[in-house]
Every structure is written in structure tokens, then in C-alpha cells.
Amino acid sequence: HTHTHTHTTPHNMSISEMRKQLDALMGTNRDGDDPYGRNLKHFSDRDVCKYYICGLCPHDAFTNTKKEMGPCPNLHSEPLKMQYEVLDERQRKDYDYDRHLGRILDEIVRDCDATVIKQEQKLKEYEAEKLENDPLSRQISSLQAQAEKLGEEGKVDEYMKLNAEIK
């Protein structure tokens, strides 16, 4: 009988995803397609992740966090990264990848900062609401107000007694 194969692995990874991983690990000439052993890909190719070759792909940086971006759609290749790393500073500047990465990271930091501010505001509102709706907190506030009033009226003994109750 014939056995039909689906194009996924037991871990639900497509053939193209597996190919991408193999490219990243072993280079794009791993099958010896080029008889002269030349690397047929260049780091500047459109499908190569420029952030990865600069040292940090944002897709990898936030795995398993609320800011996760999902898998990078571009190729992460160690051999291509090394191809880029051997360039001198002037040559790298010509490609401008590092500046693009810096801009993306600045944007991510700003986004995270905005999220932190929003969450701090929510927390303050929640705590204020909790204080408002908590009978014990209301009672303490009321007793403090009464104690203050007694203190202002010069009724020191009553003030001391009430203040002891609060504590």
C-alpha cells in the first residue's frame, strides 16, 4: 500500500521552515549546489534578516513575552552574519543596517515605556477605587478626620484616645 506524506514534521514545522533553519545552521550551500563552493547568497539579499546580521533580531528578543512579535519572516544565517561582520566600519555604514536596527529598538523602547506608564496609571486608579470601596479604609479615614477635629478643638485626651484606636 502507498503511504502519503504530509509536508510537516511531527512538531508541525513546514518544509520551508525546516529549510530556513538548515540554511541558518549550515549555510545556503550545504547541499553543494555550487560546484565551486561559493556562497550563493549574500547578506544584502532581500530575504535575509538585516537585524539578525547586525546582532539582534527583535523577533528573537521578545520570545515568550507580551511584546512577542512571532517568528521572523526573514532568514537568520550565521554564515551570512559572519560575511557582514568582516566588513570594516565604513563598508557597514554604506549598508546602514545598524542605524535601522537602532531606530527599530528605539521605537520598541518607546512603546514599552508607554505601556509601563499606562499600567502604572491603571494601578493608581485601581488602588484609589479599592480605597474608596473598602469599608475599613473609609472607617480609618473617618476616624482620622474626627481625631484631627478633636486636636484642633484642643480636646487632647479625646484626641489621644481616638488616635490610639486608629493605630
# chains A, B, ... in the order shown; residues from 1 in each chain; ligands from 1
$ select_by_dssp --residues "chain A" --states "alpha helix (DSSP H)" --output "number ranges by chain"
A: 15-26, 50-54, 58-61, 78-85, 89-95, 97-133, 135-152, 156-166
$ atom_distance --atom1 "CA of Asn64 in chain A" --atom2 "CA of Glu120 in chain A"
22.2 Å
$ atom_distance --atom1 "CA of His100 in chain A" --atom2 "CA of Tyr84 in chain A"
15.1 Å
$ closest_residue --among "A:Asp45, A:Asp134, A:Glu68, A:Glu107" --to "Tyr95 in chain A" --atoms "only C-alpha atoms"
A:Asp45
$ closest_residue --among "A:Met18, A:Leu143, A:Val86, A:Leu101" --to "Met160 in chain A" --atoms "only C-alpha atoms"
A:Leu143
$ residues_around --residues "Cys72 in chain A" --least-positions-apart "5" --cutoff "12 Å" --atoms "only C-alpha atoms" --output "PyMOL selection string"
chain A and resi 17+20-21+47-52+56-63
$ atom_distance --atom1 "CA of Asn74 in chain A" --atom2 "CA of Phe43 in chain A"
11.2 Å
$ closest_residue --among "A:Lys149, A:Cys112, A:Glu125, A:Gly102" --to "Thr65 in chain A" --atoms "only C-alpha atoms"
A:Cys112
$ decode --residues "range 48-76 of chain A" --atoms "N, CA and C atoms" --output "CSV table (one decimal), in the first residue's frame"
chain,number,residue,atom,x,y,z
A,48,VAL,N,17.0,38.1,3.6
A,48,VAL,CA,17.9,38.0,4.8
A,48,VAL,C,17.6,39.0,5.8
A,49,CYS,N,17.5,38.6,7.1
A,49,CYS,CA,17.2,39.5,8.2
A,49,CYS,C,18.4,40.4,8.5
A,50,LYS,N,18.2,41.7,8.2
A,50,LYS,CA,19.3,42.6,8.4
A,50,LYS,C,19.6,42.9,9.9
A,51,TYR,N,18.5,42.8,10.7
A,51,TYR,CA,18.7,43.0,12.1
A,51,TYR,C,19.5,41.8,12.7
A,52,TYR,N,19.2,40.6,12.3
A,52,TYR,CA,20.0,39.5,12.8
A,52,TYR,C,21.5,39.6,12.4
A,53,ILE,N,21.8,40.0,11.2
A,53,ILE,CA,23.2,40.1,10.9
A,53,ILE,C,23.9,41.3,11.6
A,54,CYS,N,23.1,42.2,12.1
A,54,CYS,CA,23.7,43.3,13.0
A,54,CYS,C,23.8,42.8,14.4
A,55,GLY,N,23.2,41.7,14.7
A,55,GLY,CA,23.4,41.2,16.1
A,55,GLY,C,22.2,41.0,16.9
A,56,LEU,N,21.0,41.6,16.5
A,56,LEU,CA,19.8,41.4,17.3
A,56,LEU,C,18.5,41.5,16.5
A,57,CYS,N,17.9,40.4,16.3
A,57,CYS,CA,16.6,40.5,15.6
A,57,CYS,C,15.5,40.7,16.7
A,58,PRO,N,14.7,41.7,16.6
A,58,PRO,CA,13.6,42.0,17.6
A,58,PRO,C,12.7,40.8,17.7
A,59,HIS,N,12.5,40.0,16.6
A,59,HIS,CA,11.6,38.9,16.7
A,59,HIS,C,12.1,37.9,17.7
A,60,ASP,N,13.4,37.8,17.8
A,60,ASP,CA,14.0,36.8,18.8
A,60,ASP,C,14.1,37.4,20.2
A,61,ALA,N,14.2,38.7,20.3
A,61,ALA,CA,14.4,39.3,21.6
A,61,ALA,C,13.3,39.2,22.6
A,62,PHE,N,12.0,39.1,22.0
A,62,PHE,CA,10.9,39.2,22.9
A,62,PHE,C,10.1,37.9,22.9
A,63,THR,N,10.7,36.8,22.6
A,63,THR,CA,10.1,35.5,22.7
A,63,THR,C,9.5,35.2,24.1
A,64,ASN,N,8.3,34.7,24.1
A,64,ASN,CA,7.6,34.4,25.3
A,64,ASN,C,7.3,35.6,26.3
A,65,THR,N,7.1,36.8,25.7
A,65,THR,CA,6.8,38.0,26.4
A,65,THR,C,5.5,38.5,25.8
A,66,LYS,N,4.9,39.5,26.5
A,66,LYS,CA,3.7,40.2,26.0
A,66,LYS,C,4.0,40.9,24.7
A,67,LYS,N,5.3,41.3,24.4
A,67,LYS,CA,5.7,42.0,23.2
A,67,LYS,C,6.2,41.1,22.1
A,68,GLU,N,5.9,39.8,22.3
A,68,GLU,CA,6.3,38.8,21.2
A,68,GLU,C,5.8,39.2,19.9
A,69,MET,N,6.7,39.1,18.9
A,69,MET,CA,6.4,39.5,17.5
A,69,MET,C,6.2,38.3,16.6
A,70,GLY,N,6.3,37.1,17.1
A,70,GLY,CA,6.2,35.9,16.2
A,70,GLY,C,7.5,35.7,15.6
A,71,PRO,N,7.6,34.6,14.8
A,71,PRO,CA,8.8,34.2,14.1
A,71,PRO,C,9.2,35.3,13.0
A,72,CYS,N,10.5,35.5,12.9
A,72,CYS,CA,10.9,36.4,11.9
A,72,CYS,C,10.7,35.8,10.5
A,73,PRO,N,10.1,36.6,9.6
A,73,PRO,CA,9.8,36.1,8.3
A,73,PRO,C,11.1,36.0,7.4
A,74,ASN,N,12.2,36.6,7.9
A,74,ASN,CA,13.4,36.5,7.1
A,74,ASN,C,14.4,35.5,7.6
A,75,LEU,N,15.4,35.3,6.7
A,75,LEU,CA,16.4,34.2,7.0
A,75,LEU,C,17.4,34.7,8.0
A,76,HIS,N,17.7,33.9,9.1
A,76,HIS,CA,18.7,34.1,10.0
A,76,HIS,C,19.9,33.2,9.7
